[in-house]
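For reference, model_16.cif (mmCIF, C-alpha atoms):
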data_final
loop_
_atom_site.label_atom_id
_atom_site.label_comp_id
_atom_site.auth_asym_id
_atom_site.auth_seq_id
_atom_site.Cartn_x
_atom_site.Cartn_y
_atom_site.Cartn_z
CA MET A 1 0.56 6.04 30.53
CA ASP A 2 -1.67 7.75 27.97
CA LEU A 3 -4.36 5.15 27.23
CA ILE A 4 -6.02 7.38 24.65
CA LEU A 5 -2.76 7.58 22.71
CA LEU A 6 -2.40 3.79 22.84
CA LEU A 7 -5.99 3.33 21.63
CA LYS A 8 -5.29 5.64 18.70
CA ALA A 9 -2.17 3.60 17.98
CA VAL A 10 -4.16 0.36 17.88
CA ILE A 11 -6.83 1.84 15.61
CA LEU A 12 -4.32 3.30 13.17
CA GLY A 13 -2.26 0.10 13.22
CA VAL A 14 -5.28 -2.00 12.31
CA VAL A 15 -6.29 0.47 9.60
CA GLU A 16 -2.78 0.37 8.14
CA GLY A 17 -2.62 -3.42 8.15
CA LEU A 18 -6.06 -3.96 6.65
CA THR A 19 -5.70 -1.35 3.90
CA GLU A 20 -2.03 -1.54 2.87
CA PHE A 21 -2.48 -4.41 0.42
CA LEU A 22 -6.07 -3.85 -0.68
CA PRO A 23 -6.80 -1.50 -3.63
CA ILE A 24 -8.41 1.07 -1.31
CA SER A 25 -5.42 3.22 -0.24
CA SER A 26 -3.83 2.84 3.18
CA THR A 27 -2.46 6.39 3.00
CA GLY A 28 -5.91 7.75 2.24
CA HIS A 29 -7.48 5.88 5.13
CA LEU A 30 -4.72 6.91 7.53
CA ILE A 31 -5.12 10.57 6.56
CA LEU A 32 -8.88 10.41 7.12
CA VAL A 33 -8.78 8.34 10.32
CA GLY A 34 -5.87 10.39 11.66
CA ASP A 35 -7.90 13.52 11.00
CA LEU A 36 -10.89 12.10 12.90
CA LEU A 37 -8.67 11.06 15.80
CA ASP A 38 -6.86 14.41 15.83
CA PHE A 39 -3.63 12.54 15.23
CA ASN A 40 -2.50 14.27 12.05
CA ASP A 41 0.30 16.46 13.39
CA GLU A 42 4.00 15.78 12.79
CA ARG A 43 4.00 12.96 15.37
CA GLY A 44 1.02 11.35 13.68
CA LYS A 45 2.60 11.56 10.24
CA ALA A 46 5.82 10.01 11.52
CA PHE A 47 3.83 7.30 13.29
CA GLU A 48 1.97 6.39 10.09
CA VAL A 49 5.19 5.96 8.14
CA ILE A 50 6.92 3.84 10.78
CA ILE A 51 4.09 1.38 11.40
CA GLN A 52 4.03 0.58 7.69
CA PHE A 53 7.09 -1.54 8.37
CA GLY A 54 4.90 -3.82 10.49
CA ALA A 55 2.76 -4.50 7.43
CA ILE A 56 5.89 -5.20 5.36
CA LEU A 57 7.11 -7.75 7.90
CA ALA A 58 3.77 -9.53 7.55
CA VAL A 59 4.43 -9.92 3.81
CA CYS A 60 7.98 -11.13 4.46
CA TRP A 61 6.66 -13.74 6.86
CA GLU A 62 3.88 -14.92 4.54
CA PHE A 63 6.29 -15.32 1.61
CA ARG A 64 9.32 -16.33 3.67
CA GLU A 65 9.92 -19.52 1.68
CA LYS A 66 10.01 -17.67 -1.65
CA LEU A 67 12.22 -14.89 -0.26
CA LEU A 68 14.61 -17.35 1.38
CA LYS A 69 14.87 -19.31 -1.87
CA VAL A 70 15.70 -16.15 -3.80
CA ILE A 71 18.36 -15.13 -1.27
CA THR A 72 20.05 -18.53 -1.03
CA SER A 73 20.00 -19.23 -4.78
CA PHE A 74 20.79 -15.71 -5.98
CA SER A 75 24.35 -16.45 -7.12
CA GLU A 76 23.41 -19.64 -8.99
CA SER A 77 19.87 -18.99 -10.24
CA ALA A 78 19.15 -16.70 -13.19
CA GLN A 79 15.48 -16.79 -12.19
CA SER A 80 16.25 -15.46 -8.70
CA ARG A 81 18.45 -12.71 -10.10
CA ARG A 82 15.73 -11.69 -12.56
CA PHE A 83 13.18 -11.60 -9.73
CA VAL A 84 15.37 -9.19 -7.74
CA LEU A 85 16.11 -7.13 -10.86
CA ASN A 86 12.38 -6.85 -11.58
CA LEU A 87 11.71 -5.55 -8.07
CA LEU A 88 14.47 -2.95 -8.42
CA ILE A 89 13.24 -1.83 -11.84
CA ALA A 90 9.64 -1.55 -10.64
CA SER A 91 10.70 0.40 -7.53
CA ILE A 92 12.78 3.10 -9.19
CA PRO A 93 10.11 5.28 -10.91
CA ALA A 94 7.91 5.90 -7.85
CA MET A 95 10.83 6.23 -5.45
CA GLY A 96 12.51 8.73 -7.77
CA LEU A 97 9.37 10.86 -8.14
CA ALA A 98 8.73 10.69 -4.40
CA PHE A 99 12.25 11.98 -3.73
CA LEU A 100 11.80 14.86 -6.18
CA PHE A 101 8.20 15.88 -5.48
CA GLY A 102 7.31 14.25 -2.15
CA LYS A 103 7.26 17.46 -0.12
CA TYR A 104 5.07 19.25 -2.66
CA ILE A 105 2.62 16.34 -2.86
CA LYS A 106 2.31 16.17 0.93
CA ALA A 107 1.76 19.91 1.20
CA VAL A 108 -0.96 20.05 -1.47
CA LEU A 109 -2.73 16.68 -1.59
CA PHE A 110 -2.48 15.18 1.91
CA SER A 111 -5.94 16.30 3.03
CA PRO A 112 -9.39 14.67 3.04
CA ILE A 113 -10.97 16.30 -0.02
CA PRO A 114 -8.23 15.36 -2.53
CA VAL A 115 -8.14 11.88 -0.97
CA ALA A 116 -11.90 11.42 -1.38
CA SER A 117 -11.70 12.57 -5.00
CA ALA A 118 -8.87 10.09 -5.70
CA PHE A 119 -10.97 7.32 -4.13
CA ILE A 120 -13.72 7.89 -6.70
CA VAL A 121 -11.42 8.26 -9.70
CA GLY A 122 -9.58 5.08 -8.67
CA ALA A 123 -12.88 3.21 -8.53
CA LEU A 124 -13.67 4.13 -12.14
CA ILE A 125 -10.26 2.83 -13.22
CA ILE A 126 -10.93 -0.48 -11.41
CA PHE A 127 -14.21 -0.87 -13.32
CA TRP A 128 -12.35 -0.25 -16.56
CA ALA A 129 -9.55 -2.70 -15.75
CA GLU A 130 -11.91 -5.46 -14.69
CA GLY A 131 -13.90 -4.97 -17.89
CA ARG A 132 -10.78 -5.87 -19.89
CA GLN A 133 -9.43 -8.62 -17.63
CA LYS A 134 -11.47 -11.56 -18.93
CA LYS A 135 -10.10 -11.23 -22.48
CA ILE A 136 -6.55 -10.70 -21.29
CA THR A 137 -6.24 -13.73 -19.03
CA THR A 138 -7.24 -16.16 -21.76
CA THR A 139 -4.21 -15.21 -23.88
CA SER A 140 -1.59 -14.30 -21.27
CA HIS A 141 1.59 -16.41 -21.17
CA ILE A 142 2.38 -15.14 -17.67
CA LYS A 143 1.33 -17.59 -14.97
CA THR A 144 3.54 -16.65 -11.99
CA VAL A 145 5.70 -13.71 -10.87
CA ASP A 146 8.75 -15.61 -12.14
CA ASP A 147 7.41 -15.25 -15.70
CA LEU A 148 7.61 -11.44 -15.58
CA SER A 149 10.15 -9.74 -17.81
CA PRO A 150 12.03 -6.55 -16.89
CA LEU A 151 9.71 -4.68 -19.28
CA ASP A 152 6.67 -6.02 -17.43
CA ALA A 153 8.24 -4.86 -14.17
CA LEU A 154 8.92 -1.40 -15.61
CA LYS A 155 5.30 -1.05 -16.70
CA VAL A 156 4.07 -1.95 -13.21
CA GLY A 157 6.60 0.47 -11.73
CA LEU A 158 5.32 3.29 -13.91
CA ALA A 159 1.75 2.47 -12.88
CA GLN A 160 2.84 2.60 -9.25
CA CYS A 161 3.74 6.28 -9.68
CA ALA A 162 0.02 7.09 -9.59
CA ALA A 163 0.06 6.01 -5.93
CA LEU A 164 1.98 9.16 -5.03
CA ILE A 165 -1.45 10.81 -5.10
CA PRO A 166 -2.96 9.95 -1.69
CA GLY A 167 -6.20 8.02 -2.02
CA THR A 168 -5.05 6.26 -5.19
CA SER A 169 -3.56 3.21 -3.39
CA ARG A 170 -0.08 1.79 -4.00
CA SER A 171 -1.40 -1.76 -4.17
CA GLY A 172 -4.30 -0.61 -6.33
CA ALA A 173 -2.00 1.19 -8.76
CA THR A 174 0.32 -1.80 -9.11
CA ILE A 175 -2.41 -4.45 -9.28
CA ILE A 176 -4.78 -2.60 -11.59
CA GLY A 177 -1.90 -1.17 -13.61
CA GLY A 178 -0.50 -4.68 -14.01
CA MET A 179 -3.89 -5.93 -15.15
CA LEU A 180 -4.19 -3.13 -17.71
CA PHE A 181 -0.75 -4.08 -19.04
CA GLY A 182 -1.85 -7.70 -19.50
CA LEU A 183 -1.00 -9.45 -16.24
CA PRO A 184 -3.45 -11.94 -14.73
CA ARG A 185 -5.10 -10.65 -11.55
CA ALA A 186 -3.40 -13.18 -9.26
CA VAL A 187 0.08 -12.47 -10.66
CA ALA A 188 -0.39 -8.71 -10.46
CA THR A 189 -1.53 -9.06 -6.84
CA GLU A 190 1.39 -11.25 -5.79
CA PHE A 191 3.92 -8.97 -7.49
CA SER A 192 2.35 -6.04 -5.65
CA PHE A 193 3.02 -7.84 -2.35
CA PHE A 194 6.69 -8.32 -3.18
CA LEU A 195 7.06 -4.80 -4.57
CA ALA A 196 5.85 -3.38 -1.28
CA ILE A 197 9.00 -4.67 0.43
CA PRO A 198 11.57 -2.37 -1.25
CA VAL A 199 9.19 0.56 -1.80
CA ILE A 200 7.59 0.83 1.63
CA GLY A 201 10.66 -0.52 3.39
CA GLY A 202 12.76 2.15 1.68
CA ALA A 203 10.29 4.90 2.56
CA THR A 204 10.23 3.78 6.18
CA ALA A 205 14.03 3.69 6.39
CA TYR A 206 14.24 7.17 4.85
CA GLU A 207 11.78 8.59 7.36
CA LEU A 208 13.58 6.90 10.25
CA LEU A 209 16.83 8.54 9.21
CA LYS A 210 15.14 11.95 9.17
CA LEU A 211 13.43 11.40 12.51
CA TRP A 212 16.24 9.71 14.41
CA LYS A 213 17.13 12.85 16.35
CA ALA A 214 13.56 14.06 16.88
CA PRO A 215 12.84 13.74 20.63
CA VAL A 216 9.08 14.09 20.20
CA VAL A 217 9.02 10.91 18.14
CA PHE A 218 11.36 8.81 20.21
CA SER A 219 10.21 9.83 23.68
CA GLY A 220 9.29 6.90 25.93
CA GLU A 221 5.52 7.32 25.74
CA PHE A 222 5.43 7.82 22.01
CA SER A 223 7.84 4.94 21.42
CA LEU A 224 5.36 2.67 23.23
CA ALA A 225 2.57 3.92 20.95
CA ILE A 226 4.73 3.15 17.92
CA ALA A 227 5.35 -0.39 19.21
CA VAL A 228 1.64 -0.95 19.77
CA GLY A 229 0.78 0.38 16.32
CA PHE A 230 3.56 -1.70 14.77
CA VAL A 231 2.25 -4.95 16.26
CA SER A 232 -1.34 -4.08 15.34
CA ALA A 233 -0.28 -3.38 11.75
CA PHE A 234 1.66 -6.66 11.54
CA ILE A 235 -1.22 -8.82 12.78
CA SER A 236 -3.93 -7.16 10.72
CA ALA A 237 -1.74 -7.11 7.58
CA PHE A 238 -0.92 -10.80 7.96
CA VAL A 239 -4.63 -11.66 8.17
CA CYS A 240 -5.39 -9.39 5.19
CA VAL A 241 -2.65 -10.84 2.97
CA ARG A 242 -3.75 -14.41 3.70
CA TRP A 243 -7.35 -13.48 2.88
CA LEU A 244 -6.51 -11.56 -0.29
CA ILE A 245 -4.44 -14.42 -1.74
CA HIS A 246 -7.49 -16.68 -1.56
CA TYR A 247 -9.90 -13.94 -2.63
CA VAL A 248 -8.21 -13.09 -5.94
CA ALA A 249 -8.24 -16.75 -6.98
CA HIS A 250 -12.04 -16.66 -7.33
CA HIS A 251 -13.19 -13.01 -7.30
CA ASN A 252 -12.57 -9.67 -8.97
CA PHE A 253 -11.99 -6.20 -7.49
CA ILE A 254 -15.40 -4.74 -8.33
CA PRO A 255 -16.56 -4.75 -4.66
CA PHE A 256 -13.54 -2.60 -3.75
CA ALA A 257 -14.48 -0.14 -6.49
CA TRP A 258 -17.97 0.26 -5.02
CA TYR A 259 -16.45 0.67 -1.56
CA ARG A 260 -14.15 3.41 -2.87
CA ILE A 261 -17.06 5.29 -4.41
CA ALA A 262 -19.22 5.00 -1.30
CA PHE A 263 -16.39 6.03 1.01
CA GLY A 264 -15.30 8.91 -1.21
CA LEU A 265 -18.84 10.25 -1.55
CA LEU A 266 -19.35 9.97 2.21
CA VAL A 267 -16.26 12.08 2.89
CA LEU A 268 -17.29 14.68 0.31
CA PHE A 269 -20.83 14.80 1.70
CA THR A 270 -19.70 15.25 5.30
CA ALA A 271 -17.21 17.90 4.21
CA TYR A 272 -19.54 20.05 2.13
CA SER A 273 -22.54 19.60 4.45
CA GLY A 274 -20.46 20.64 7.46
CA LEU A 275 -21.14 17.43 9.42
CA ILE A 276 -17.40 16.92 9.87
CA ALA A 277 -14.85 19.73 9.91
CA TRP A 278 -12.18 17.98 7.89
CA SER A 279 -8.80 19.67 7.82
CA HIS A 280 -7.58 21.22 4.58
#
Step by step, read the file and then write its structure as structure tokens.
Amino acid sequence: MDLILLLKAVILGVVEGLTEFLPISSTGHLILVGDLLDFNDERGKAFEVIIQFGAILAVCWEFREKLLKVITSFSESAQSRRFVLNLLIASIPAMGLAFLFGKYIKAVLFSPIPVASAFIVGALIIFWAEGRQKKITTTSHIKTVDDLSPLDALKVGLAQCAALIPGTSRSGATIIGGMLFGLPRAVATEFSFFLAIPVIGGATAYELLKLWKAPVVFSGEFSLAIAVGFVSAFISAFVCVRWLIHYVAHHNFIPFAWYRIAFGLLVLFTAYSGLIAWSH
């Protein structure tokens, strides 16, 4: 048993779970941490995609009552059908662009320097969005995710396209984009949780289909590492989602913007000073 491999799996699983739903980019963190752990080869990339499903299951469990209600009342409830329609509408733009340009984006932007730059740019957008939020919430008629219209969902879906740039953050793009389009912070955050289910679930399923016959991924030792990372991602994501729900009720995202700037500058400094030989 390779204990080092299992330790890497735990670390990456925790990183995935803690960062997937915060506006700080799980993909960006996984690229950077994977680079530090020397776990950024094809196995590492496959591992990162698969363990995301653990984070998605945490969301499904946290919102199981809402999801079960939607499923059981779908045929009778117009509200449930609109909720599902909104998720589909919001999912299509990013999934379509990922299908068309995913390979190019991975080849060009999946490295530490572009990620660090996206961290900083994303922080500036958070400052801008939070500066507008106070005025918007006083006049918004939207109080819950069930109040969203298909047009609202489309706007959030278009904002989510920015997350194709690693370091931007899928949750950050949907939450901050939703806020810029007039959604209250709490509603934008909750919709981002639900939107993660089809988007990340679909990406995971797509990668699994591609990797099904790859023996390096599904060998016994590596399968154990995937299981360990999966469980770590589920537990840490569950804790993070619970915490974030309470956090957004009383706080803004400014601290995350400062974190993004500090983290991005640290990566750029270590890269250009030669302290860390980041891959390119």
Test item: residues at most 9 Å from A:Leu148, only C-alpha atoms, excluding those fewer than 3 positions along its chain, as a tab-separated table (two decimals) with C-alpha atoms, keeping the file's coordinate frame:
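As written to disk, out27.tsv reads:
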chain	number	residue	atom	x	y	z
A	82	ARG	CA	15.73	-11.69	-12.56
A	83	PHE	CA	13.18	-11.60	-9.73
A	86	ASN	CA	12.38	-6.85	-11.58
A	142	ILE	CA	2.38	-15.14	-17.67
A	143	LYS	CA	1.33	-17.59	-14.97
A	144	THR	CA	3.54	-16.65	-11.99
A	145	VAL	CA	5.70	-13.71	-10.87
A	151	LEU	CA	9.71	-4.68	-19.28
A	152	ASP	CA	6.67	-6.02	-17.43
A	153	ALA	CA	8.24	-4.86	-14.17
A	183	LEU	CA	-1.00	-9.45	-16.24
For atom CA of A:Ala116 and atom CA of A:Cys161, determine how far apart the two atoms are, in Å to one decimal place.
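Atom-to-atom, atom CA of A:Ala116 and atom CA of A:Cys161 are spaced 18.4 Å apart.
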I'd like the residues picked by the PyMOL selection byres ((chain A and resi 95) around 12) written out as a PyMOL selection string, using the chain letters and numbers from the file.
chain A and resi 88-94+96-102+157-158+160-164+170+195-196+198-204+206
Residues just named, written with C-alpha atoms as a compact mmCIF listing (two decimals), in the frame of the given file:
# COMPACT_ATOMS: atom_id res chain seq x y z
CA LEU A 88 14.47 -2.95 -8.42
CA ILE A 89 13.24 -1.83 -11.84
CA ALA A 90 9.64 -1.55 -10.64
CA SER A 91 10.70 0.40 -7.53
CA ILE A 92 12.78 3.10 -9.19
CA PRO A 93 10.11 5.28 -10.91
CA ALA A 94 7.91 5.90 -7.85
CA GLY A 96 12.51 8.73 -7.77
CA LEU A 97 9.37 10.86 -8.14
CA ALA A 98 8.73 10.69 -4.40
CA PHE A 99 12.25 11.98 -3.73
CA LEU A 100 11.80 14.86 -6.18
CA PHE A 101 8.20 15.88 -5.48
CA GLY A 102 7.31 14.25 -2.15
CA GLY A 157 6.60 0.47 -11.73
CA LEU A 158 5.32 3.29 -13.91
CA GLN A 160 2.84 2.60 -9.25
CA CYS A 161 3.74 6.28 -9.68
CA ALA A 162 0.02 7.09 -9.59
CA ALA A 163 0.06 6.01 -5.93
CA LEU A 164 1.98 9.16 -5.03
CA ARG A 170 -0.08 1.79 -4.00
CA LEU A 195 7.06 -4.80 -4.57
CA ALA A 196 5.85 -3.38 -1.28
CA PRO A 198 11.57 -2.37 -1.25
CA VAL A 199 9.19 0.56 -1.80
CA ILE A 200 7.59 0.83 1.63
CA GLY A 201 10.66 -0.52 3.39
CA GLY A 202 12.76 2.15 1.68
CA ALA A 203 10.29 4.90 2.56
CA THR A 204 10.23 3.78 6.18
CA TYR A 206 14.24 7.17 4.85
Apply the PyMOL selection byres ((chain A and resi 277-279) around 9) to the structure shown and report the selected residues as a ChimeraX atom specification.
/A:32,35-36,111-113,267,270-271,274-276,280
Nearest residue to A:Ala46 from the set A:Val108, A:Leu180, A:Leu211, A:Val33 (distances using all atoms listed in the file)
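Once distances to A:Ala46 are computed over all atoms listed in the file, the minimum belongs to A:Leu211.
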Evaluate the PyMOL selection byres ((chain A and resi 117) around 10) here and jot the selected residues down as a short mmCIF file (atom, residue, chain, number, x, y, z; two decimals) with C-alpha atoms, in the frame of the given file.
data_model
loop_
_atom_site.label_atom_id
_atom_site.label_comp_id
_atom_site.auth_asym_id
_atom_site.auth_seq_id
_atom_site.Cartn_x
_atom_site.Cartn_y
_atom_site.Cartn_z
CA PRO A 112 -9.39 14.67 3.04
CA ILE A 113 -10.97 16.30 -0.02
CA PRO A 114 -8.23 15.36 -2.53
CA VAL A 115 -8.14 11.88 -0.97
CA ALA A 116 -11.90 11.42 -1.38
CA ALA A 118 -8.87 10.09 -5.70
CA PHE A 119 -10.97 7.32 -4.13
CA ILE A 120 -13.72 7.89 -6.70
CA VAL A 121 -11.42 8.26 -9.70
CA GLY A 122 -9.58 5.08 -8.67
CA PRO A 166 -2.96 9.95 -1.69
CA GLY A 167 -6.20 8.02 -2.02
CA THR A 168 -5.05 6.26 -5.19
CA ARG A 260 -14.15 3.41 -2.87
CA ILE A 261 -17.06 5.29 -4.41
CA GLY A 264 -15.30 8.91 -1.21
CA LEU A 265 -18.84 10.25 -1.55
CA VAL A 267 -16.26 12.08 2.89
CA LEU A 268 -17.29 14.68 0.31
#
Please tabulate, as CSV, the residues of stretch 150-242 of chain A that come within 7 Å of stretch 2-11 of chain A, each with its closest pair of atoms and the distance in Å to one decimal, counting all atoms listed in the file and ordering rows by chain, then residue number upward.
residue,atom,partner,partner_atom,distance
A:Ala225,CA,A:Leu6,CA,5.3
A:Ile226,CA,A:Ala9,CA,6.9
A:Val228,CA,A:Ala9,CA,6.2
A:Gly229,CA,A:Ala9,CA,4.7
A:Ser232,CA,A:Val10,CA,5.8
May I ask which of the residues A:Cys60, A:Ala55, A:Ala123, A:Val70 is the closest one to A:Ile254, counting only C-alpha atoms?
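Nearest candidate to A:Ile254 out of A:Cys60, A:Ala55, A:Ala123, A:Val70: A:Ala123.
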What's the 12 Å shell around A:His246, counting only C-alpha atoms, without same-chain residues fewer than 5 positions away, as a ChimeraX atom specification?
/A:185-186,189-190,239-241,251-252
May I have the selected residues written with C-alpha atoms, as a PDB file, keeping the file's coordinate frame?
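Output below, filename part_23.pdb:
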ATOM      1  CA  ARG A 185      -5.100 -10.650 -11.550  1.00  0.00           C
ATOM      2  CA  ALA A 186      -3.400 -13.180  -9.260  1.00  0.00           C
ATOM      3  CA  THR A 189      -1.530  -9.060  -6.840  1.00  0.00           C
ATOM      4  CA  GLU A 190       1.390 -11.250  -5.790  1.00  0.00           C
ATOM      5  CA  VAL A 239      -4.630 -11.660   8.170  1.00  0.00           C
ATOM      6  CA  CYS A 240      -5.390  -9.390   5.190  1.00  0.00           C
ATOM      7  CA  VAL A 241      -2.650 -10.840   2.970  1.00  0.00           C
ATOM      8  CA  HIS A 251     -13.190 -13.010  -7.300  1.00  0.00           C
ATOM      9  CA  ASN A 252     -12.570  -9.670  -8.970  1.00  0.00           C
TER      10      ASN A 252
END
If you measure from atom CA of A:Arg242 to atom CA of A:Ile51, what distance in Å do you get, rounded to one decimal?
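Atom CA of A:Arg242 sits 19.2 Å away from atom CA of A:Ile51.
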Enclose all atoms of stretch 43-57 of chain A listed in the file in an axis-aligned box, grow every side by 3 Å, and hand back centre and edge lengths in Å to one decimal, as lines of an AutoDock Vina configuration file.
center_x = 4.1
center_y = 2.6
center_z = 10.4
size_x = 12.1
size_y = 26.7
size_z = 16.0
d(atom CA of A:Phe181, atom CA of A:Val156) in Å:
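Result for atom CA of A:Phe181 versus atom CA of A:Val156: 7.9 Å, one decimal.
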For A:His141, work out the shell of residues within 12 Å, counting all atoms listed in the file and skipping chain neighbours fewer than 6 positions away, then give it as an MDAnalysis selection string.
chainID A and resid 147:149 182:184 187
Neighbours of point (-4.8, -4.5, -10.8) within 9 Å, using only C-alpha atoms, written as JSON, numbers by chain
{"A": [23, 126, 129, 130, 171, 172, 173, 174, 175, 176, 177, 178, 179, 180, 183, 184, 185, 186, 188, 189, 192, 253]}
Please tell me which residues are no farther than 8 Å from (-1.1, -8.0, 10.2) in the file, counting only C-alpha atoms, and write them as an mmCIF file with C-alpha atoms, keeping the file's coordinate frame.
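Output file point_11.cif follows:
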data_model
loop_
_atom_site.group_PDB
_atom_site.id
_atom_site.type_symbol
_atom_site.label_atom_id
_atom_site.label_comp_id
_atom_site.auth_asym_id
_atom_site.auth_seq_id
_atom_site.Cartn_x
_atom_site.Cartn_y
_atom_site.Cartn_z
ATOM 1 C CA VAL A 14 -5.280 -2.000 12.310
ATOM 2 C CA GLY A 17 -2.620 -3.420 8.150
ATOM 3 C CA LEU A 18 -6.060 -3.960 6.650
ATOM 4 C CA GLY A 54 4.900 -3.820 10.490
ATOM 5 C CA ALA A 55 2.760 -4.500 7.430
ATOM 6 C CA ALA A 58 3.770 -9.530 7.550
ATOM 7 C CA VAL A 231 2.250 -4.950 16.260
ATOM 8 C CA SER A 232 -1.340 -4.080 15.340
ATOM 9 C CA ALA A 233 -0.280 -3.380 11.750
ATOM 10 C CA PHE A 234 1.660 -6.660 11.540
ATOM 11 C CA ILE A 235 -1.220 -8.820 12.780
ATOM 12 C CA SER A 236 -3.930 -7.160 10.720
ATOM 13 C CA ALA A 237 -1.740 -7.110 7.580
ATOM 14 C CA PHE A 238 -0.920 -10.800 7.960
ATOM 15 C CA VAL A 239 -4.630 -11.660 8.170
ATOM 16 C CA CYS A 240 -5.390 -9.390 5.190
ATOM 17 C CA VAL A 241 -2.650 -10.840 2.970
#
Nearest to A:Gln52: which of A:Ser26, A:Ser223, A:Ser169, A:Ser80 is it, counting all atoms listed in the file?
A:Ser26
